[in-house]
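What's in my_file_2.cif: mmCIF, C-alpha atoms
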```cif
data_entry
loop_
_atom_site.label_atom_id
_atom_site.label_comp_id
_atom_site.auth_asym_id
_atom_site.auth_seq_id
_atom_site.Cartn_x
_atom_site.Cartn_y
_atom_site.Cartn_z
CA MET A 1 134.26 46.54 146.10
CA LYS A 2 133.37 44.39 143.14
CA ASN A 3 130.67 42.56 145.14
CA LEU A 4 128.68 45.70 145.87
CA THR A 5 125.15 45.48 144.59
CA LYS A 6 122.62 48.23 144.08
CA ASN A 7 120.89 47.34 147.33
CA SER A 8 124.11 47.22 149.31
CA ILE A 9 125.13 50.68 148.05
CA HIS A 10 121.71 51.93 149.06
CA HIS A 11 122.13 50.43 152.51
CA LEU A 12 125.67 51.79 152.97
CA LEU A 13 124.58 55.28 151.97
CA ASN A 14 121.74 55.22 154.47
CA VAL A 15 124.06 54.01 157.22
CA SER A 16 126.63 56.64 156.33
CA THR A 17 124.04 59.41 156.49
CA SER A 18 123.65 58.83 160.21
CA ASP A 19 127.39 59.46 160.67
CA ILE A 20 127.29 62.88 158.98
CA ASP A 21 127.38 65.82 161.38
CA ALA A 22 124.47 68.27 161.56
CA GLU A 23 126.32 71.16 159.89
CA THR A 24 127.23 69.07 156.82
CA LEU A 25 123.66 67.79 156.64
CA GLU A 26 122.38 71.34 156.69
CA GLN A 27 124.79 72.33 153.88
CA LEU A 28 123.71 69.32 151.83
CA HIS A 29 120.09 70.21 152.41
CA ARG A 30 120.64 73.78 151.23
CA ALA A 31 122.61 72.59 148.20
CA ARG A 32 119.79 70.21 147.32
CA ASN A 33 117.20 72.99 147.53
CA ARG A 34 119.30 75.27 145.34
CA ALA A 35 119.70 72.49 142.78
CA LEU A 36 115.95 71.87 142.78
CA GLU A 37 115.17 75.57 142.28
CA ARG A 38 117.64 75.77 139.44
CA HIS A 39 116.21 72.61 137.92
CA GLN A 40 112.68 74.05 137.99
CA ILE A 41 113.76 77.24 136.25
CA LEU A 42 115.58 75.37 133.50
CA GLU A 43 112.67 73.03 133.01
CA HIS A 44 110.38 75.99 132.26
CA ALA A 45 112.88 77.89 130.20
CA PRO A 46 114.37 75.87 127.37
CA VAL A 47 116.12 78.97 126.06
CA LEU A 48 117.83 79.54 129.41
CA ALA A 49 118.77 75.87 129.56
CA TRP A 50 120.24 76.11 126.10
CA LEU A 51 122.14 79.26 127.05
CA SER A 52 123.52 77.69 130.20
CA GLN A 53 124.68 74.66 128.19
CA HIS A 54 126.59 77.08 125.99
CA GLY A 55 128.28 78.87 128.85
CA VAL A 56 125.89 81.79 129.32
CA SER A 57 124.45 81.72 132.78
CA ILE A 58 121.56 83.93 133.77
CA ASN A 59 120.75 83.73 137.44
CA PHE A 60 117.18 84.41 138.30
CA VAL A 61 115.95 84.98 141.77
CA PRO A 62 113.40 82.21 142.42
CA GLY A 63 109.99 83.46 141.29
CA SER A 64 111.35 86.15 138.99
CA PHE A 65 110.93 83.91 135.96
CA LYS A 66 107.21 83.75 136.60
CA ILE A 67 107.08 87.54 136.75
CA LEU A 68 109.09 87.75 133.52
CA THR A 69 106.64 85.38 131.83
CA TRP A 70 103.75 87.58 132.87
CA VAL A 71 105.53 90.75 131.74
CA VAL A 72 106.34 89.25 128.32
CA SER A 73 102.78 87.90 127.96
CA PHE A 74 101.41 91.31 128.89
CA LEU A 75 103.66 93.06 126.36
CA VAL A 76 102.68 90.62 123.60
CA LEU A 77 99.02 91.13 124.43
CA LEU A 78 99.51 94.90 124.51
CA GLY A 79 101.20 94.71 121.09
CA LEU A 80 98.32 92.67 119.68
CA LEU A 81 95.72 95.06 121.08
CA GLY A 82 97.71 98.04 119.78
CA SER A 83 97.92 96.51 116.29
CA PHE A 84 94.21 95.73 116.36
CA ALA A 85 93.31 99.30 117.42
CA TYR A 86 95.62 100.71 114.75
CA LEU A 87 94.00 98.55 112.04
CA GLN A 88 90.55 99.56 113.25
CA GLN A 89 91.56 103.22 113.03
CA ILE A 90 92.84 102.73 109.47
CA ASN A 91 89.62 100.93 108.51
CA LEU A 92 87.52 103.71 109.98
CA HIS A 93 89.50 106.34 108.11
CA GLU A 94 89.23 104.31 104.91
CA HIS A 95 85.48 103.92 105.41
CA GLU A 96 85.03 107.68 105.87
CA ARG A 97 87.11 108.34 102.77
CA SER A 98 85.09 105.98 100.59
CA GLU A 99 81.87 107.58 101.87
CA ILE A 100 83.12 111.02 100.81
CA ASP A 101 84.38 109.71 97.46
CA LEU A 102 81.00 108.13 96.80
CA ALA A 103 79.26 111.40 97.67
CA ILE A 104 81.52 113.30 95.25
CA LEU A 105 80.98 110.74 92.50
CA VAL A 106 77.19 110.96 92.74
CA ASP A 107 77.01 114.69 93.46
CA ASP A 108 75.15 117.03 91.11
CA LEU A 109 78.38 119.01 90.67
CA PRO A 110 80.94 117.54 88.28
CA VAL A 111 84.19 116.19 89.75
CA GLU A 112 86.21 118.88 87.93
CA VAL A 113 84.63 121.55 90.12
CA TYR A 114 86.11 119.92 93.21
CA ILE A 115 89.63 119.68 91.86
CA GLU A 116 89.85 123.25 90.54
CA GLN A 117 92.05 125.38 92.75
CA MET B 1 101.11 75.63 127.27
CA ARG B 2 100.03 79.27 127.66
CA ARG B 3 103.19 80.39 125.89
CA TYR B 4 102.54 78.14 122.88
CA LEU B 5 98.93 79.28 122.72
CA LEU B 6 99.99 82.92 122.73
CA THR B 7 102.61 82.31 120.02
CA ALA B 8 100.09 80.46 117.87
CA LEU B 9 97.58 83.27 118.35
CA THR B 10 100.16 85.88 117.33
CA PHE B 11 101.13 83.99 114.18
CA CYS B 12 97.49 83.40 113.22
CA THR B 13 96.72 87.12 113.62
CA LEU B 14 99.76 88.14 111.58
CA PHE B 15 98.92 85.56 108.91
CA PHE B 16 95.34 86.78 108.50
CA MET B 17 96.52 90.39 108.46
CA PHE B 18 98.93 89.44 105.66
CA VAL B 19 96.27 87.59 103.67
CA GLU B 20 93.82 90.45 104.16
CA THR B 21 96.20 93.17 103.01
CA ALA B 22 98.66 91.55 100.62
CA LEU B 23 96.47 89.93 98.02
CA ALA B 24 95.24 92.09 95.16
CA LYS B 25 92.08 90.93 93.42
CA GLN B 26 91.88 90.19 89.72
CA TRP B 27 88.93 91.53 87.73
CA SER B 28 87.63 88.00 87.09
CA THR B 29 87.43 87.29 90.83
CA LEU B 30 85.00 90.17 91.49
CA SER B 31 81.35 89.31 91.96
CA PRO B 32 78.87 90.25 89.15
CA PRO B 33 77.42 93.21 91.15
CA GLN B 34 80.95 94.49 91.82
CA GLN B 35 81.85 94.12 88.15
CA GLN B 36 78.69 95.96 87.15
CA ALA B 37 79.43 98.82 89.53
CA LEU B 38 83.08 99.09 88.52
CA MET B 39 82.59 98.44 84.79
CA PRO B 40 84.41 101.63 83.66
CA LEU B 41 87.52 100.36 85.47
CA SER B 42 87.48 96.87 83.93
CA SER B 43 90.36 97.47 81.52
CA ALA B 44 92.55 99.26 84.06
CA TRP B 45 91.58 97.15 87.09
CA ASP B 46 94.62 94.87 87.14
CA THR B 47 96.95 97.87 86.99
CA LEU B 48 95.44 99.45 90.12
CA SER B 49 97.21 99.03 93.42
CA GLU B 50 95.71 96.66 95.97
CA LYS B 51 94.82 99.66 98.14
CA GLN B 52 92.96 101.39 95.30
CA GLN B 53 91.14 98.17 94.44
CA LYS B 54 89.92 97.81 98.01
CA HIS B 55 88.82 101.41 98.01
CA PHE B 56 86.77 101.01 94.82
CA ILE B 57 85.26 97.75 96.07
CA LYS B 58 84.00 99.65 99.10
CA ILE B 59 82.44 102.25 96.82
CA ALA B 60 80.89 99.48 94.72
CA GLN B 61 79.10 98.11 97.79
CA HIS B 62 76.79 101.15 97.71
CA PHE B 63 76.09 100.95 93.99
CA PRO B 64 72.91 98.76 94.09
CA ARG B 65 71.26 101.20 96.53
CA LEU B 66 71.78 104.23 94.29
CA ASN B 67 69.15 105.52 91.88
CA LYS B 68 69.61 105.37 88.08
CA VAL B 69 70.93 108.94 87.79
CA GLN B 70 73.50 108.39 90.52
CA GLN B 71 74.58 105.08 88.98
CA GLN B 72 75.07 106.82 85.63
CA ARG B 73 77.09 109.57 87.32
CA ILE B 74 79.36 107.03 88.97
CA HIS B 75 79.91 105.23 85.68
CA ALA B 76 80.66 108.50 83.92
CA ARG B 77 83.10 109.71 86.59
CA LEU B 78 84.77 106.62 87.96
CA GLU B 79 87.52 106.32 85.37
CA LYS B 80 88.45 109.98 85.63
CA TRP B 81 88.40 109.73 89.43
CA SER B 82 90.75 106.72 89.36
CA LYS B 83 93.23 108.67 87.25
CA LEU B 84 93.44 111.65 89.60
CA THR B 85 96.53 112.00 91.75
CA PRO B 86 96.14 111.36 95.50
CA GLU B 87 96.64 115.11 96.05
CA GLN B 88 93.81 115.97 93.66
CA ARG B 89 91.49 113.49 95.35
CA GLN B 90 92.43 114.91 98.74
CA LEU B 91 91.73 118.43 97.49
CA ALA B 92 88.33 117.31 96.20
CA ARG B 93 87.43 115.71 99.55
CA LYS B 94 88.50 118.84 101.40
CA LYS B 95 86.47 121.08 99.10
CA TYR B 96 83.44 118.78 99.28
CA ASN B 97 83.58 118.76 103.09
CA SER B 98 83.89 122.54 103.31
CA ILE B 99 80.86 122.97 101.01
CA GLN B 100 78.85 120.48 103.06
CA LYS B 101 79.53 122.47 106.23
CA LEU B 102 77.78 125.54 104.82
CA PRO B 103 74.14 126.27 105.71
CA PRO B 104 71.75 124.82 103.05
CA GLU B 105 70.93 128.17 101.38
CA LYS B 106 74.56 129.23 101.12
CA ARG B 107 75.54 125.78 99.94
CA GLU B 108 72.99 125.78 97.14
CA ALA B 109 73.98 129.30 96.08
CA LEU B 110 77.63 128.32 95.96
CA LYS B 111 76.90 125.14 94.05
CA LYS B 112 74.88 127.13 91.52
CA THR B 113 77.75 129.56 91.04
CA LEU B 114 80.29 126.77 90.71
CA ARG B 115 78.07 124.94 88.23
CA GLU B 116 77.65 128.07 86.11
CA ARG B 117 81.34 128.81 86.25
CA HIS B 118 82.16 125.28 85.19
CA SER B 119 79.66 125.45 82.31
CA ALA B 120 81.17 128.73 81.18
CA GLN B 121 84.62 127.17 81.23
CA GLN B 122 83.29 124.27 79.19
CA ARG B 123 81.93 126.73 76.62
CA ASN B 124 85.18 128.75 76.80
CA LEU B 125 83.35 131.81 78.09
CA PRO B 126 85.29 134.24 80.28
CA VAL B 127 84.86 133.35 83.93
CA SER B 128 84.16 137.01 84.76
CA ALA B 129 80.88 136.71 82.85
CA VAL B 130 79.61 134.50 85.67
CA SER B 131 78.81 135.89 89.13
CA PRO B 132 81.67 135.27 91.59
CA ALA B 133 81.46 132.27 93.88
CA ALA B 134 80.69 132.87 97.52
CA PRO B 135 83.70 131.98 99.64
CA ALA B 136 83.50 128.56 101.32
CA GLN B 137 83.66 129.03 105.07
#
```

Just give me the structure of the file as structure tokens.
Amino acid sequence: MKNLTKNSIHHLLNVSTSDIDAETLEQLHRARNRALERHQILEHAPVLAWLSQHGVSINFVPGSFKILTWVVSFLVLLGLLGSFAYLQQINLHEHERSEIDLAILVDDLPVEVYIEQ
Amino acid sequence: MRRYLLTALTFCTLFFMFVETALAKQWSTLSPPQQQALMPLSSAWDTLSEKQQKHFIKIAQHFPRLNKVQQQRIHARLEKWSKLTPEQRQLARKKYNSIQKLPPEKREALKKTLRERHSAQQRNLPVSAVSPAAPAQ
């Protein structure tokens, strides 16, 4: 055992693969695919990777993470657009108000007339 | 990459919104035309809220385009206007708008009545001595 080199291990593994029955090979193949899918998800989601390291596992169906990314991006964009529209509305209202105030300040009637009940 | 770009964009927007809204201006930072327009408020400027300051700066933008009489009116009224309560200012805007909606003849007649009534009040004359104001529709 002590004389095994890297190359000899490689060779032995290759030889042994030919001895494995088809059903086991199929199971190994499926396990490998699952591991790859999981690896891809974790690679794109550091938060999920961190959670899984701390014992919280969230299982996504392959492809659902991409959808989630789009949904979150869409919501963020929607929030930004909403905030922008809201600020525009406030600015418009403020602009109208200053126009009226200016008109009152330069009007031929004194300001007191406008504040009398 | 897209995620980082979106986050950076969000923070930049929020930052500029904060800078835009949170910083009140000191009197010394106003431009000379703004200072000229808002001269009656110079002593009270730093005590005004940031929102009020922005509002008056917007009014000051129009000042150079006004004629002499209008500029004098603004200077004479600005301080009083700044001391009104928000409710009083709102009432004034409402009243001004309702008068503006009247047809020109009715509007002028109403203005004349209001002016006379105000003058009578200034001279401490009884209001009944002045013809009644036409109702604002």

(request) Can you work out which one of B:Gln36, B:Gln88, B:Gln52, B:Ser119 has the shortest atom-to-atom distance to chain A, counting only C-alpha atoms? (result) B:Gln88

(request) May I have the residues of chain B within 7 Å of chain A, counting only C-alpha atoms, written as a PyMOL selection string? (result) chain B and resi 55+58-59+70+73-74+77+88+91-93+95-96+114-115+118

(message) What would the selection look like, as a PyMOL selection string, if the PyMOL selection byres ((chain B and resi 82) around 12) were run on the coordinates I just shared?
(response) (chain A and resi 101+105+111) or (chain B and resi 38+40-42+44-45+47-49+51-53+55-56+74-81+83-86+88-89)

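Between CA of Lys101 (chain B) and CA of Glu96 (chain A) there is a distance of 15.8 Å.
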
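Atom pair CA of Trp70 (chain A) / CA of Glu37 (chain A) has a distance of 19.1 Å (rounded to one decimal).
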
(request) Please indicate the distance in Å from CA of Tyr86 (chain A) to CA of His62 (chain B), rounded to one decimal place. (result) 25.4 Å

Would you mind completing region 74-106 of chain B to N, CA and C atoms and writing the output as a compact mmCIF listing (two decimals), in the frame of the given file?
```
# COMPACT_ATOMS: atom_id res chain seq x y z
N ILE B 74 78.18 107.80 88.54
CA ILE B 74 79.36 107.03 88.97
C ILE B 74 80.07 106.43 87.75
N HIS B 75 79.30 105.84 86.86
CA HIS B 75 79.91 105.23 85.68
C HIS B 75 80.63 106.26 84.82
N ALA B 76 80.05 107.46 84.75
CA ALA B 76 80.66 108.50 83.92
C ALA B 76 81.93 109.08 84.55
N ARG B 77 82.00 109.02 85.90
CA ARG B 77 83.10 109.71 86.59
C ARG B 77 84.18 108.81 87.15
N LEU B 78 83.86 107.54 87.26
CA LEU B 78 84.77 106.62 87.96
C LEU B 78 86.17 106.55 87.34
N GLU B 79 86.22 106.46 86.03
CA GLU B 79 87.52 106.32 85.37
C GLU B 79 88.37 107.57 85.59
N LYS B 80 87.72 108.73 85.43
CA LYS B 80 88.45 109.98 85.63
C LYS B 80 88.95 110.07 87.09
N TRP B 81 88.06 109.69 88.01
CA TRP B 81 88.40 109.73 89.43
C TRP B 81 89.61 108.83 89.74
N SER B 82 89.65 107.66 89.09
CA SER B 82 90.75 106.72 89.36
C SER B 82 92.08 107.24 88.82
N LYS B 83 91.99 108.15 87.84
CA LYS B 83 93.23 108.67 87.25
C LYS B 83 93.75 109.93 87.94
N LEU B 84 92.98 110.46 88.87
CA LEU B 84 93.44 111.65 89.60
C LEU B 84 94.61 111.27 90.51
N THR B 85 95.43 112.26 90.81
CA THR B 85 96.53 112.00 91.75
C THR B 85 95.94 111.99 93.17
N PRO B 86 96.64 111.36 94.11
CA PRO B 86 96.14 111.36 95.50
C PRO B 86 95.93 112.78 96.03
N GLU B 87 96.78 113.72 95.59
CA GLU B 87 96.64 115.11 96.05
C GLU B 87 95.35 115.72 95.52
N GLN B 88 95.04 115.43 94.25
CA GLN B 88 93.81 115.97 93.66
C GLN B 88 92.58 115.40 94.37
N ARG B 89 92.64 114.11 94.66
CA ARG B 89 91.49 113.49 95.35
C ARG B 89 91.33 114.08 96.75
N GLN B 90 92.47 114.33 97.39
CA GLN B 90 92.43 114.91 98.74
C GLN B 90 91.84 116.32 98.70
N LEU B 91 92.24 117.06 97.65
CA LEU B 91 91.73 118.43 97.49
C LEU B 91 90.21 118.39 97.28
N ALA B 92 89.77 117.44 96.47
CA ALA B 92 88.33 117.31 96.20
C ALA B 92 87.57 116.98 97.48
N ARG B 93 88.11 116.09 98.28
CA ARG B 93 87.43 115.71 99.55
C ARG B 93 87.34 116.92 100.48
N LYS B 94 88.44 117.67 100.53
CA LYS B 94 88.50 118.84 101.40
C LYS B 94 87.44 119.86 100.96
N LYS B 95 87.40 120.09 99.65
CA LYS B 95 86.47 121.08 99.10
C LYS B 95 85.02 120.62 99.32
N TYR B 96 84.79 119.33 99.09
CA TYR B 96 83.44 118.78 99.28
C TYR B 96 83.01 118.97 100.74
N ASN B 97 83.90 118.63 101.66
CA ASN B 97 83.58 118.76 103.09
C ASN B 97 83.28 120.21 103.48
N SER B 98 84.10 121.14 102.94
CA SER B 98 83.89 122.54 103.31
C SER B 98 82.55 123.04 102.75
N ILE B 99 82.17 122.56 101.57
CA ILE B 99 80.86 122.97 101.01
C ILE B 99 79.72 122.37 101.84
N GLN B 100 79.90 121.15 102.28
CA GLN B 100 78.85 120.48 103.06
C GLN B 100 78.61 121.14 104.41
N LYS B 101 79.66 121.82 104.90
CA LYS B 101 79.53 122.47 106.23
C LYS B 101 78.73 123.77 106.17
N LEU B 102 78.52 124.28 104.96
CA LEU B 102 77.78 125.54 104.82
C LEU B 102 76.30 125.33 105.12
N PRO B 103 75.60 126.39 105.54
CA PRO B 103 74.14 126.27 105.71
C PRO B 103 73.50 125.96 104.35
N PRO B 104 72.35 125.27 104.32
CA PRO B 104 71.75 124.82 103.05
C PRO B 104 71.61 125.91 101.99
N GLU B 105 71.15 127.12 102.39
CA GLU B 105 70.93 128.17 101.38
C GLU B 105 72.25 128.59 100.75
N LYS B 106 73.25 128.81 101.61
CA LYS B 106 74.56 129.23 101.12
C LYS B 106 75.17 128.14 100.24
```
